[in-house]
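S.K.: So here's target05.cif (mmCIF, C-alpha atoms).
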data_model
loop_
_atom_site.label_atom_id
_atom_site.label_comp_id
_atom_site.auth_asym_id
_atom_site.auth_seq_id
_atom_site.Cartn_x
_atom_site.Cartn_y
_atom_site.Cartn_z
CA MET A 184 142.66 -95.12 -100.18
CA SER A 185 140.41 -98.08 -99.31
CA GLN A 186 141.91 -101.46 -98.54
CA PRO A 187 142.82 -103.50 -101.65
CA GLN A 188 141.54 -106.94 -102.57
CA VAL A 189 143.97 -109.85 -102.74
CA LYS A 190 143.83 -112.94 -104.97
CA VAL A 191 145.21 -116.04 -103.22
CA GLY A 192 145.90 -119.32 -105.02
CA ILE A 193 144.82 -122.06 -102.60
CA MET A 194 145.16 -125.41 -104.41
CA SER A 195 145.59 -127.01 -107.83
CA SER A 196 144.14 -130.34 -108.97
CA PRO A 197 142.43 -131.89 -112.03
CA ALA A 198 139.25 -131.88 -109.90
CA ILE A 199 138.32 -129.52 -107.09
CA ARG A 200 135.63 -130.33 -104.55
CA PHE A 201 134.08 -127.54 -102.53
CA VAL A 202 131.08 -126.85 -100.30
CA PHE A 203 128.92 -123.76 -99.84
CA PRO A 204 127.43 -123.97 -96.33
CA THR A 205 125.99 -120.49 -96.99
CA ALA A 206 124.41 -119.19 -100.19
CA TYR A 207 126.73 -118.09 -103.01
CA ASN A 208 125.92 -116.41 -106.30
CA PHE A 209 126.98 -117.53 -109.78
CA GLY A 210 125.68 -115.58 -112.76
CA GLY A 211 122.49 -114.59 -110.97
CA GLN A 212 121.70 -118.07 -109.62
CA THR A 213 122.03 -119.13 -105.99
CA VAL A 214 124.37 -122.05 -105.29
CA GLU A 215 124.57 -124.04 -102.04
CA GLY A 216 125.87 -127.39 -100.78
CA ALA A 217 128.53 -129.78 -102.13
CA GLN A 218 130.04 -129.03 -105.56
CA GLU A 219 132.73 -130.34 -107.87
CA ALA A 220 134.56 -128.77 -110.80
CA THR A 221 136.73 -130.83 -113.15
CA LEU A 222 139.08 -130.11 -116.03
CA SER A 223 137.59 -131.02 -119.41
CA ASP A 224 138.98 -130.07 -122.84
CA GLY A 225 141.04 -127.27 -121.31
CA LYS A 226 138.00 -125.73 -119.60
CA VAL A 227 136.24 -125.81 -116.25
CA LEU A 228 133.39 -128.34 -116.21
CA TRP A 229 130.84 -127.42 -113.55
CA GLY A 230 127.12 -127.92 -113.35
CA GLY A 231 127.08 -129.76 -116.68
CA ALA A 232 128.55 -126.83 -118.66
CA LEU A 233 132.05 -125.76 -119.76
CA TYR A 234 133.55 -122.40 -118.81
CA ASP A 235 136.88 -120.62 -119.24
CA SER A 236 136.64 -119.89 -115.50
CA VAL A 237 133.92 -119.73 -112.84
CA GLU A 238 133.54 -117.30 -109.96
CA PHE A 239 131.22 -117.59 -106.98
CA THR A 240 130.51 -114.62 -104.71
CA PRO A 241 128.89 -114.75 -101.24
CA CYS A 242 125.29 -113.56 -101.05
CA ASP A 243 126.13 -112.34 -97.53
CA ALA A 244 129.59 -110.74 -97.82
CA GLU A 245 130.05 -110.47 -94.06
CA ASN A 246 129.06 -114.01 -93.05
CA GLY A 247 129.42 -116.07 -96.24
CA SER A 248 132.07 -118.78 -96.45
CA PHE A 249 133.03 -121.81 -98.55
CA GLU A 250 135.00 -124.97 -97.85
CA LEU A 251 137.67 -126.56 -100.05
CA ILE A 252 138.22 -130.31 -99.69
CA ASP A 253 141.71 -131.87 -99.37
CA VAL A 254 143.90 -128.78 -99.46
CA THR A 255 147.60 -129.69 -99.25
CA ILE A 256 149.53 -127.72 -96.66
CA GLY A 257 153.30 -127.75 -96.12
CA VAL A 258 153.94 -128.55 -99.79
CA ASN A 259 157.21 -130.56 -100.04
CA PHE A 260 158.00 -129.97 -96.37
CA HIS A 261 158.49 -132.70 -93.76
CA TRP A 262 155.00 -132.18 -92.31
CA GLU A 263 153.07 -132.07 -95.63
CA ARG A 264 149.44 -133.17 -95.20
CA LYS A 265 145.92 -132.57 -96.49
CA GLU A 266 143.02 -130.95 -94.69
CA ASN A 267 139.66 -129.35 -95.45
CA GLN A 268 139.77 -125.56 -95.15
CA SER A 269 137.12 -122.84 -95.01
CA PHE A 270 137.43 -119.33 -96.45
CA ARG A 271 135.56 -116.05 -96.56
CA GLY A 272 135.20 -114.02 -99.75
CA SER A 273 134.80 -115.19 -103.33
CA LEU A 274 135.93 -118.41 -105.00
CA ARG A 275 137.31 -118.32 -108.53
CA ILE A 276 138.30 -121.53 -110.36
CA ILE A 277 140.67 -121.13 -113.31
CA VAL A 278 142.60 -123.39 -115.69
CA GLU A 279 146.37 -123.55 -115.30
CA GLY A 280 147.99 -126.08 -117.62
CA ASP A 281 146.61 -129.54 -116.92
CA LYS A 282 144.98 -128.58 -113.61
CA LEU A 283 142.34 -126.35 -112.11
CA THR A 284 143.36 -123.77 -109.52
CA ALA A 285 141.09 -122.48 -106.76
CA VAL A 286 141.62 -118.77 -106.06
CA ASN A 287 140.19 -116.97 -103.03
CA ILE A 288 139.46 -113.25 -103.50
CA LEU A 289 138.97 -111.14 -100.37
CA PRO A 290 139.92 -107.83 -98.69
CA ILE A 291 143.52 -107.68 -97.50
CA GLU A 292 142.69 -107.09 -93.81
CA GLU A 293 140.43 -110.17 -93.79
CA TYR A 294 143.28 -112.10 -95.42
CA LEU A 295 145.67 -110.91 -92.71
CA LEU A 296 143.39 -112.19 -89.94
CA SER A 297 144.07 -115.69 -91.24
CA VAL A 298 147.75 -115.21 -92.10
CA ILE A 299 148.61 -114.11 -88.60
CA SER A 300 146.80 -117.13 -87.14
CA SER A 301 148.27 -119.50 -89.76
CA GLU A 302 151.89 -118.31 -89.67
CA MET A 303 151.90 -118.19 -85.89
CA SER A 304 149.76 -119.24 -82.98
CA ALA A 305 146.77 -116.99 -82.49
CA THR A 306 147.65 -117.02 -78.78
CA ALA A 307 150.92 -115.10 -79.35
CA SER A 308 151.54 -111.83 -77.56
CA LEU A 309 149.81 -108.70 -78.87
CA GLU A 310 153.06 -106.91 -79.75
CA LEU A 311 154.33 -109.90 -81.71
CA LEU A 312 151.03 -110.16 -83.60
CA LYS A 313 151.10 -106.44 -84.38
CA ALA A 314 154.62 -106.77 -85.77
CA HIS A 315 153.60 -109.73 -87.92
CA ALA A 316 150.51 -107.90 -89.18
CA VAL A 317 152.69 -105.02 -90.41
CA ILE A 318 155.25 -107.21 -92.16
CA SER A 319 152.64 -109.49 -93.74
CA ARG A 320 150.73 -106.48 -95.04
CA SER A 321 153.94 -104.85 -96.31
CA TRP A 322 155.17 -107.99 -98.04
CA LEU A 323 151.84 -108.63 -99.74
CA LEU A 324 151.44 -105.08 -101.07
CA ALA A 325 155.07 -105.12 -102.25
CA GLN A 326 154.43 -108.38 -104.14
CA ILE A 327 151.33 -106.92 -105.83
CA GLU A 328 153.41 -103.92 -106.93
CA LYS A 329 156.20 -106.21 -108.11
CA ASN A 330 153.72 -108.26 -110.13
CA LYS A 331 152.52 -105.12 -111.90
CA GLN A 332 156.10 -104.13 -112.71
CA LEU A 333 156.97 -107.58 -114.05
CA ALA A 334 153.82 -107.61 -116.19
CA ALA A 335 154.82 -104.25 -117.68
CA GLU A 336 158.37 -105.31 -118.52
CA GLU A 337 159.08 -106.77 -121.93
CA THR A 338 162.04 -108.86 -120.75
CA PRO A 339 160.95 -112.18 -119.21
CA TYR A 340 161.90 -112.63 -115.57
CA ASN A 341 164.40 -115.47 -115.19
CA PRO A 342 165.10 -116.85 -111.70
CA CYS A 343 167.54 -119.48 -112.99
CA THR A 344 170.97 -119.48 -114.61
CA ARG A 345 172.62 -122.70 -115.74
CA THR A 346 176.06 -123.42 -117.16
CA GLU A 347 177.95 -126.67 -117.56
CA GLY A 348 179.39 -126.41 -114.07
CA GLU A 349 176.86 -124.33 -112.14
CA LEU A 350 173.13 -124.12 -111.46
CA VAL A 351 171.79 -121.04 -109.65
CA ARG A 352 168.06 -120.92 -109.01
CA TRP A 353 165.87 -119.05 -106.58
CA TYR A 354 162.22 -119.48 -105.76
CA ASP A 355 159.97 -116.49 -105.28
CA ARG A 356 156.38 -115.39 -105.91
CA GLU A 357 157.17 -114.80 -109.61
CA ASP A 358 156.06 -118.42 -110.01
CA HIS A 359 152.49 -117.09 -109.77
CA VAL A 360 151.05 -115.20 -112.73
CA ASN A 361 147.28 -115.66 -112.33
CA PHE A 362 146.96 -114.56 -108.71
CA ASP A 363 148.87 -112.39 -106.25
CA VAL A 364 150.20 -114.98 -103.80
CA CYS A 365 149.82 -118.64 -102.93
CA ALA A 366 148.55 -119.98 -99.60
CA ASP A 367 151.58 -122.02 -98.55
CA ASP A 368 155.06 -121.40 -97.13
CA HIS A 369 156.30 -120.50 -100.61
CA CYS A 370 154.59 -117.14 -100.01
CA GLN A 371 153.05 -116.90 -96.55
CA ARG A 372 150.74 -119.37 -94.86
CA TYR A 373 147.08 -118.64 -95.39
CA GLN A 374 144.56 -121.20 -94.20
CA GLY A 375 141.35 -119.17 -94.26
CA ILE A 376 139.13 -119.36 -91.21
CA THR A 377 140.28 -122.93 -90.54
CA ARG A 378 142.86 -121.61 -88.05
CA GLU A 379 140.79 -120.16 -85.24
CA SER A 380 141.45 -116.47 -84.83
CA THR A 381 141.28 -114.74 -81.46
CA ALA A 382 140.33 -111.35 -80.07
CA THR A 383 144.06 -110.62 -79.74
CA VAL A 384 144.63 -111.23 -83.45
CA ARG A 385 141.69 -108.98 -84.30
CA ASP A 386 143.08 -106.32 -81.95
CA ALA A 387 146.49 -106.57 -83.66
CA ILE A 388 144.92 -106.08 -87.09
CA LYS A 389 142.78 -103.18 -85.90
CA ALA A 390 145.68 -101.45 -84.10
CA THR A 391 147.91 -101.61 -87.21
CA TRP A 392 145.19 -101.20 -89.88
CA GLY A 393 146.85 -100.05 -93.11
CA GLN A 394 150.31 -99.74 -91.53
CA VAL A 395 153.30 -100.82 -93.62
CA LEU A 396 157.08 -100.72 -93.54
CA THR A 397 158.73 -98.31 -95.99
CA TYR A 398 162.29 -97.36 -96.76
CA ASP A 399 163.07 -94.12 -98.56
CA GLY A 400 159.37 -93.79 -99.43
CA THR A 401 159.11 -97.27 -101.00
CA LEU A 402 157.26 -100.31 -99.64
CA CYS A 403 159.59 -102.79 -97.96
CA ASP A 404 159.81 -106.34 -99.27
CA ALA A 405 159.28 -107.50 -95.69
CA ARG A 406 160.50 -111.09 -95.50
CA PHE A 407 160.37 -113.37 -92.48
CA SER A 408 161.48 -116.84 -91.45
CA LYS A 409 161.25 -119.08 -88.39
CA SER A 410 164.78 -118.69 -86.99
CA CYS A 411 167.73 -116.72 -88.37
CA GLY A 412 170.15 -118.86 -86.34
CA GLY A 413 171.73 -115.82 -84.69
CA VAL A 414 172.50 -113.38 -87.54
CA PHE A 415 170.25 -112.02 -90.32
CA GLU A 416 170.82 -112.98 -93.96
CA GLN A 417 170.85 -110.43 -96.79
CA PHE A 418 168.14 -110.52 -99.46
CA GLU A 419 170.42 -110.89 -102.49
CA ASN A 420 171.94 -114.10 -101.17
CA CYS A 421 168.54 -115.82 -101.31
CA TRP A 422 166.75 -114.21 -104.28
CA GLU A 423 167.55 -111.90 -107.20
CA PRO A 424 170.81 -109.90 -107.04
CA LYS A 425 169.19 -106.78 -105.59
CA HIS A 426 170.40 -105.09 -102.43
CA TYR A 427 167.92 -103.69 -99.93
CA HIS A 428 169.49 -101.42 -97.31
CA TYR A 429 166.90 -102.50 -94.73
CA LEU A 430 167.61 -106.25 -95.18
CA VAL A 431 171.21 -106.49 -94.04
CA ALA A 432 173.23 -108.41 -91.48
CA ARG A 433 172.69 -107.83 -87.78
CA LEU A 434 173.06 -109.97 -84.70
CA ASP A 435 169.70 -111.12 -83.33
CA ASN A 436 170.60 -109.71 -79.98
CA ALA A 437 170.48 -106.43 -78.05
CA ASN A 438 174.20 -106.06 -78.92
CA ALA A 439 173.24 -106.02 -82.56
CA MET A 440 176.58 -105.20 -84.20
CA ASP A 441 178.89 -107.50 -82.23
CA TYR A 442 179.32 -110.62 -84.38
CA PRO A 443 181.96 -112.27 -86.61
CA ASP A 444 182.06 -112.11 -90.41
CA LEU A 445 180.21 -115.32 -91.25
CA THR A 446 181.04 -115.11 -94.96
CA VAL A 447 184.49 -116.35 -93.88
CA GLU A 448 184.45 -120.14 -93.77
CA GLU A 449 186.36 -120.67 -90.52
CA ASN A 450 184.19 -118.07 -88.73
CA ALA A 451 181.02 -119.69 -90.06
CA ARG A 452 182.17 -123.14 -88.93
CA GLU A 453 182.96 -121.94 -85.41
CA TRP A 454 179.62 -120.04 -85.23
CA ILE A 455 177.48 -122.95 -86.45
CA LEU A 456 179.19 -125.48 -84.17
CA SER A 457 178.58 -123.27 -81.14
CA SER A 458 175.35 -121.91 -79.68
CA PRO A 459 175.78 -118.14 -79.30
CA ALA A 460 173.35 -115.99 -77.35
CA ALA A 461 170.57 -114.60 -79.54
CA PHE A 462 166.91 -113.73 -79.17
CA CYS A 463 165.99 -116.83 -81.21
CA ASN A 464 168.20 -119.12 -79.10
CA THR A 465 165.44 -120.31 -76.80
CA THR A 466 163.85 -123.56 -75.68
CA ASP A 467 161.07 -121.83 -73.72
CA LYS A 468 157.98 -123.86 -74.62
CA HIS A 469 155.64 -120.99 -73.77
CA ILE A 470 157.42 -118.70 -76.22
CA LEU A 471 157.76 -121.36 -78.91
CA SER A 472 154.06 -122.19 -78.70
CA GLN A 473 153.33 -118.55 -79.65
CA VAL A 474 155.17 -118.96 -82.96
CA LEU A 475 154.85 -122.64 -83.79
CA ASN A 476 151.50 -124.22 -84.64
CA SER A 477 150.96 -127.85 -83.65
CA TYR A 478 152.66 -129.32 -86.74
CA ASP A 479 155.64 -126.93 -86.43
CA GLN A 480 156.15 -128.04 -82.84
CA GLU A 481 157.02 -131.46 -84.26
CA THR A 482 160.39 -129.73 -84.86
CA THR A 483 162.33 -128.66 -81.77
CA ASP A 484 165.98 -128.54 -82.90
CA PHE A 485 165.74 -125.45 -85.07
CA TYR A 486 168.47 -123.16 -83.60
CA ARG A 487 171.16 -125.83 -84.03
CA TRP A 488 170.42 -129.14 -85.75
CA THR A 489 172.07 -132.25 -87.19
CA VAL A 490 171.19 -134.42 -90.21
CA GLU A 491 173.12 -137.57 -91.14
CA TYR A 492 173.24 -139.62 -94.37
CA ASP A 493 175.20 -142.68 -95.32
CA GLN A 494 176.87 -142.78 -98.74
CA ALA A 495 174.04 -144.62 -100.49
CA GLU A 496 171.34 -142.41 -98.94
CA LEU A 497 173.00 -139.14 -99.95
CA SER A 498 173.89 -140.31 -103.47
CA ARG A 499 170.33 -141.48 -104.09
CA LEU A 500 168.85 -138.34 -102.54
CA VAL A 501 170.93 -135.96 -104.67
CA ARG A 502 170.10 -137.94 -107.82
CA GLU A 503 166.37 -137.96 -107.11
CA ARG A 504 166.09 -134.35 -105.93
CA SER A 505 168.33 -132.77 -108.58
CA GLY A 506 167.40 -135.00 -111.51
CA GLU A 507 171.14 -135.39 -112.19
CA ASP A 508 173.27 -138.50 -111.70
CA TYR A 509 176.33 -137.43 -109.72
CA GLY A 510 177.32 -141.03 -109.07
CA ASP A 511 178.65 -141.63 -105.58
CA ILE A 512 179.06 -138.42 -103.59
CA VAL A 513 182.70 -137.65 -102.86
CA ASP A 514 182.36 -134.27 -101.17
CA LEU A 515 180.14 -131.28 -100.39
CA ILE A 516 182.33 -128.18 -100.53
CA PRO A 517 181.26 -124.70 -99.36
CA VAL A 518 181.88 -122.12 -102.09
CA ALA A 519 180.12 -118.95 -100.89
CA ARG A 520 178.32 -118.04 -97.67
CA GLY A 521 176.05 -115.14 -96.87
CA THR A 522 176.01 -112.88 -93.84
CA SER A 523 174.24 -115.44 -91.61
CA GLY A 524 176.60 -118.27 -92.58
CA ARG A 525 174.03 -119.64 -95.03
CA LEU A 526 175.52 -121.23 -98.12
CA TYR A 527 174.32 -119.77 -101.39
CA ARG A 528 176.87 -121.66 -103.51
CA LEU A 529 177.76 -125.28 -102.74
CA LYS A 530 179.93 -127.62 -104.83
CA ILE A 531 178.67 -131.20 -105.05
CA VAL A 532 181.49 -133.52 -106.09
CA GLY A 533 180.47 -136.94 -107.40
CA THR A 534 182.21 -139.77 -109.19
CA LYS A 535 180.21 -138.98 -112.36
CA LYS A 536 179.52 -135.26 -112.11
CA THR A 537 180.60 -132.13 -110.26
CA CYS A 538 178.45 -129.00 -110.11
CA ILE A 539 178.06 -125.84 -108.02
CA ILE A 540 174.44 -125.27 -106.99
CA GLY A 541 172.60 -122.33 -105.39
CA LYS A 542 170.87 -120.40 -104.03
CA GLU A 543 169.91 -121.35 -100.50
CA LEU A 544 166.58 -123.04 -101.20
CA GLU A 545 168.00 -125.06 -104.11
CA ILE A 546 170.69 -126.33 -101.72
CA ARG A 547 168.11 -127.12 -99.03
CA ARG A 548 165.81 -129.01 -101.39
CA THR A 549 168.65 -130.97 -103.05
CA LEU A 550 170.03 -132.30 -99.76
CA SER A 551 166.78 -133.37 -98.13
CA PRO A 552 163.69 -135.47 -98.93
CA SER A 553 161.71 -132.29 -98.10
CA HIS A 554 163.85 -129.26 -97.23
CA LEU A 555 166.80 -128.87 -94.89
CA TYR A 556 165.98 -126.47 -92.08
CA SER A 557 168.46 -124.00 -93.58
CA SER A 558 171.58 -123.81 -95.74
CA ALA A 559 173.72 -122.62 -92.80
CA PHE A 560 175.55 -125.89 -92.24
CA VAL A 561 178.99 -127.45 -92.12
CA VAL A 562 179.80 -130.92 -93.41
CA GLU A 563 181.70 -133.61 -91.55
CA LYS A 564 182.72 -136.78 -93.41
CA GLN A 565 183.08 -139.98 -91.39
CA GLY A 566 184.74 -143.26 -92.31
CA GLU A 567 186.02 -144.36 -95.70
CA ARG A 568 185.34 -147.34 -97.94
CA ASP A 569 186.75 -147.82 -101.42
CA GLY A 570 188.03 -144.24 -101.34
CA LEU A 571 184.57 -142.79 -100.58
CA PRO A 572 183.21 -141.28 -97.36
CA GLU A 573 180.88 -143.68 -95.54
CA ARG A 574 178.80 -140.98 -93.82
CA PHE A 575 178.05 -137.29 -94.18
CA VAL A 576 177.00 -135.34 -91.09
CA LEU A 577 175.44 -131.93 -91.68
CA LYS A 578 175.46 -129.66 -88.63
CA GLY A 579 173.37 -126.56 -89.14
CA ALA A 580 171.87 -123.39 -87.75
CA GLY A 581 168.46 -121.76 -88.07
CA TRP A 582 165.20 -122.56 -89.83
CA GLY A 583 164.34 -120.90 -93.13
CA HIS A 584 166.14 -118.28 -95.20
CA GLY A 585 166.96 -115.95 -92.30
CA VAL A 586 166.05 -112.72 -94.12
CA GLY A 587 164.03 -110.03 -92.34
CA LEU A 588 162.00 -110.79 -89.22
CA CYS A 589 163.03 -113.85 -87.22
CA GLN A 590 159.72 -115.13 -85.86
CA ILE A 591 161.14 -116.92 -82.83
CA GLY A 592 163.47 -114.01 -82.06
CA ALA A 593 160.56 -111.58 -82.36
CA ALA A 594 158.49 -113.73 -79.96
CA VAL A 595 161.29 -113.55 -77.41
CA MET A 596 161.52 -109.78 -77.87
CA GLY A 597 157.77 -109.50 -77.24
CA GLU A 598 158.14 -111.49 -74.01
CA LYS A 599 160.99 -109.20 -72.94
CA GLY A 600 158.75 -106.14 -73.21
CA TYR A 601 159.73 -104.72 -76.61
CA ASP A 602 156.80 -103.12 -78.45
CA TYR A 603 155.97 -103.95 -82.07
CA LYS A 604 157.74 -100.90 -83.47
CA GLN A 605 160.96 -101.77 -81.64
CA ILE A 606 160.68 -105.35 -82.89
CA LEU A 607 160.18 -104.26 -86.50
CA LEU A 608 163.04 -101.74 -86.50
CA HIS A 609 165.39 -104.34 -85.01
CA TYR A 610 164.85 -106.59 -88.04
CA PHE A 611 164.28 -103.97 -90.78
CA ILE A 612 167.18 -101.60 -90.49
CA ASP A 613 166.35 -97.87 -90.71
CA ALA A 614 162.86 -98.59 -92.08
CA GLU A 615 159.82 -96.48 -91.22
CA ILE A 616 156.30 -97.48 -90.20
CA THR A 617 153.76 -95.52 -92.27
CA LYS A 618 150.02 -95.71 -92.91
CA GLN A 619 149.12 -96.81 -96.45
CA TYR A 620 145.32 -96.58 -96.14
#
Could the structure of this file be written out as structure tokens, please?

M.R.:
Amino acid sequence: MSQPQVKVGIMSSPAIRFVFPTAYNFGGQTVEGAQEATLSDGKVLWGGALYDSVEFTPCDAENGSFELIDVTIGVNFHWERKENQSFRGSLRIIVEGDKLTAVNILPIEEYLLSVISSEMSATASLELLKAHAVISRSWLLAQIEKNKQLAAEETPYNPCTRTEGELVRWYDREDHVNFDVCADDHCQRYQGITRESTATVRDAIKATWGQVLTYDGTLCDARFSKSCGGVFEQFENCWEPKHYHYLVARLDNANAMDYPDLTVEENAREWILSSPAAFCNTTDKHILSQVLNSYDQETTDFYRWTVEYDQAELSRLVRERSGEDYGDIVDLIPVARGTSGRLYRLKIVGTKKTCIIGKELEIRRTLSPSHLYSSAFVVEKQGERDGLPERFVLKGAGWGHGVGLCQIGAAVMGEKGYDYKQILLHYFIDAEITKQY
């Protein structure tokens, strides 16, 4: 089996500006230099003509590249910004609703060169980069398979259930129907050749070429996040109610089974308010620089963190982020926690409305102008005025959903001398590493 091609959605806008510093081909004609495509009458307007879609392919497949102008990275996160990015492979521009979407099409191993350098620092240790290459490859191929299955099913996929008193919503790659994955944290970071790759990254890709994680002969849905906070979360508490035997709770420590039941509220509170030993409990700047790119290093309090809101701030935030008027916020009550202590059901009590929300990302996005670092938090109310709390203090653990590989924990393991296979099998329980192509 030869390596597959992957279709990556990079950006969406009513107008897309792009540059071909090397020659590209469109319908037999050579195209170079600065270009712009705009949306017109539901079609792509480029070069004075209307098209359903346009696709440009490099005349020199090995050395050709294109640049997209003003790509947004960190969408809805605290470090969101725009930058120009360059990519290898083909550029396809399609219509999606009232915007155009730029899609990059390229071989999966070329894609992985960028992902490893975008998700982590290209200066990370070889074993850590090998581990990330295997999980990124596994996750991507699993998503392509999942997309095919969803397309074949007659029943529409529904990631949201709503009743009068409860809203449960999860966010996954099913949001994308016209390409395999997006380029941002919603899927996995992909920033083309903008993030400088290194010989070590290329060695990691070459050493693991075609290798994937499987469980019982099936590709693993190999998730990863920045910091689990000490214990891994289970898949079904973050996404659809499906249990994967390789994505289960374990302490991020050499003593992997010795931890409290964090689904119990009092255990979770004690755990979050302490700082237990774990691979990802580190402040070593050398190790962190392997995992965190420059904009991620703007965040240092990821293992344990604190966020505070006064009454007016929180009430306004919940109203704006949820689109629902809860009135003044009276309480935030834990309803259900997962294996890492992450909340996947939280009751918001307001003077006008009370509702239980979930899952973890819905909670994180509702209680922050961008996203909370995680949903593993406890709430402390301070002061009282007119029968309402004056302040809410959220004390939390971890960064991200906590499912699968913990990037900071894996970096520490690499520094401690674990090889990539040991790292992978620590985070993906009883999985196997097999060669797909």

S.K.: Write out as a count of residues only each polymer residue whose atoms come within 8 Å of segment 220-235 of chain A, counting only C-alpha atoms; drop sequence neighbours fewer than 3 positions from it.

M.R.: 11

S.K.: Which residues, named as in the file, does the PyMOL selection byres ((chain A and resi 352) around 12) pick out? Answer as an NGL selection string.

M.R.: :A and (341-346 or 349-351 or 353-355 or 420-424 or 505 or 527-528 or 539-549)

S.K.: Report as a PDB file with C-alpha atoms, keeping the file's coordinate frame the residues that result from applying the PyMOL selection byres ((chain A and resi 445) around 10) to the structure here.

M.R.:
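Full text of expr-v6.pdb as output:
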ATOM      1  CA  VAL A 414     172.500-113.380 -87.540  1.00  0.00           C
ATOM      2  CA  ALA A 432     173.230-108.410 -91.480  1.00  0.00           C
ATOM      3  CA  TYR A 442     179.320-110.620 -84.380  1.00  0.00           C
ATOM      4  CA  PRO A 443     181.960-112.270 -86.610  1.00  0.00           C
ATOM      5  CA  ASP A 444     182.060-112.110 -90.410  1.00  0.00           C
ATOM      6  CA  THR A 446     181.040-115.110 -94.960  1.00  0.00           C
ATOM      7  CA  VAL A 447     184.490-116.350 -93.880  1.00  0.00           C
ATOM      8  CA  GLU A 448     184.450-120.140 -93.770  1.00  0.00           C
ATOM      9  CA  GLU A 449     186.360-120.670 -90.520  1.00  0.00           C
ATOM     10  CA  ASN A 450     184.190-118.070 -88.730  1.00  0.00           C
ATOM     11  CA  ALA A 451     181.020-119.690 -90.060  1.00  0.00           C
ATOM     12  CA  ARG A 452     182.170-123.140 -88.930  1.00  0.00           C
ATOM     13  CA  GLU A 453     182.960-121.940 -85.410  1.00  0.00           C
ATOM     14  CA  TRP A 454     179.620-120.040 -85.230  1.00  0.00           C
ATOM     15  CA  ILE A 455     177.480-122.950 -86.450  1.00  0.00           C
ATOM     16  CA  ARG A 520     178.320-118.040 -97.670  1.00  0.00           C
ATOM     17  CA  GLY A 521     176.050-115.140 -96.870  1.00  0.00           C
ATOM     18  CA  THR A 522     176.010-112.880 -93.840  1.00  0.00           C
ATOM     19  CA  SER A 523     174.240-115.440 -91.610  1.00  0.00           C
ATOM     20  CA  GLY A 524     176.600-118.270 -92.580  1.00  0.00           C
ATOM     21  CA  ARG A 525     174.030-119.640 -95.030  1.00  0.00           C
ATOM     22  CA  ALA A 559     173.720-122.620 -92.800  1.00  0.00           C
TER      23      ALA A 559
END

S.K.: Axis-aligned box over every listed atom of segment 501-514 of chain A, padded by 3 Å per side: centre and edges in Å to one decimal, as JSON?

M.R.:
{"center_x": 174.4, "center_y": -137.2, "center_z": -106.7, "size_x": 22.6, "size_y": 14.9, "size_z": 17.0}

S.K.: Do you have, as CSV, the list of residues of segment 313-411 of chain A lying at most 6 Å from segment 284-308 of chain A, each with its nearest atom pair and that distance in Å to one decimal, counting all atoms listed in the file and ordered by chain then number?

M.R.:
residue,atom,partner,partner_atom,distance
A:Arg372,CA,A:Glu302,CA,5.4
A:Tyr373,CA,A:Val298,CA,4.8
A:Gly375,CA,A:Ser297,CA,5.4
A:Ser380,CA,A:Ala305,CA,5.8

S.K.: Tell me which residues the PyMOL selection byres ((chain A and resi 330) around 12) grabs here, as a ChimeraX atom specification.

M.R.: /A:323-329,331-336,340,355-364

S.K.: Kindly give the distance, in Å, that separates atom CA of Tyr556 of chain A and atom CA of Glu491 of chain A, rounded to a single decimal.

M.R.: 13.2 Å

S.K.: Within 9 Å of (179.6, -126.2, -97.4) (coordinates as in the file), grab all the protein and nucleic acid residues, counting all atoms listed in the file, and write them out as a PyMOL selection string.

M.R.: chain A and resi 448+515-520+525-526+528-530+558-562

S.K.: Excluding Ala244 of chain A and residues on its chain fewer than 3 positions from it, collect all residues at most 9 Å away from it, counting all atoms listed in the file, and give them as a list in words.

M.R.: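 Residues meeting the cut-off are Thr240, Pro241, Gly247, Ser248, Arg271, Gly272 and Ser273 of chain A.
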
S.K.: For Ile256 of chain A, please output as a PyMOL selection string all residues within 8 Å (counting all atoms listed in the file; exclusion window: fewer than 3 positions along the same chain).

M.R.: chain A and resi 263-266+367

S.K.: Set the distance at 8 Å and use only C-alpha atoms: which residues neighbour Asp399 of chain A once local chain neighbours fewer than 2 positions away are removed? I'd like the list as JSON, numbers by chain.

M.R.: {"A": [397, 401, 614]}

S.K.: Can you tell me how far atom CA of Val576 of chain A sits from atom CA of Glu503 of chain A, in Å to one decimal?

M.R.: 19.4 Å

S.K.: Name all residues at most 12 Å from Ile512 of chain A (count all atoms listed in the file; drop same-chain ones fewer than 3 positions away) and give them as a ChimeraX atom specification.

M.R.: /A:492-502,508-509,515-516,530-538,550,564,570-575

S.K.: Using all atoms listed in the file for the distances, tell me which of A:Gly585, A:Leu430, A:Gln268, A:Leu396 is nearest to Ala314 of chain A.

M.R.: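 For Ala314 of chain A, the nearest of the candidates is A:Leu396.
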
S.K.: Determine the nearest neighbour of Gly216 of chain A from the options A:Val384, A:Ile193, A:Leu434, A:Leu251, counting all atoms listed in the file.

M.R.: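 Ranking A:Val384, A:Ile193, A:Leu434, A:Leu251 by distance to Gly216 of chain A, first place goes to A:Leu251.
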
S.K.: One number please: atom CA of Ile388 of chain A to atom CA of Gly587 of chain A, in Å, one decimal.

M.R.: 20.2 Å

S.K.: Taking all atoms listed in the file into account, name the residue in A:Tyr603, A:Gly510, A:Glu563, A:Glu416 that is nearest to Ala387 of chain A.

M.R.: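 Answer, going by the shortest atom-to-atom distance: A:Tyr603.
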
S.K.: Kindly indicate which residue among A:Thr489, A:Gln218, A:Ser321, A:Asn464 lies nearest to Phe611 of chain A, using all atoms listed in the file for the distances.

M.R.: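 Closest candidate: A:Ser321.
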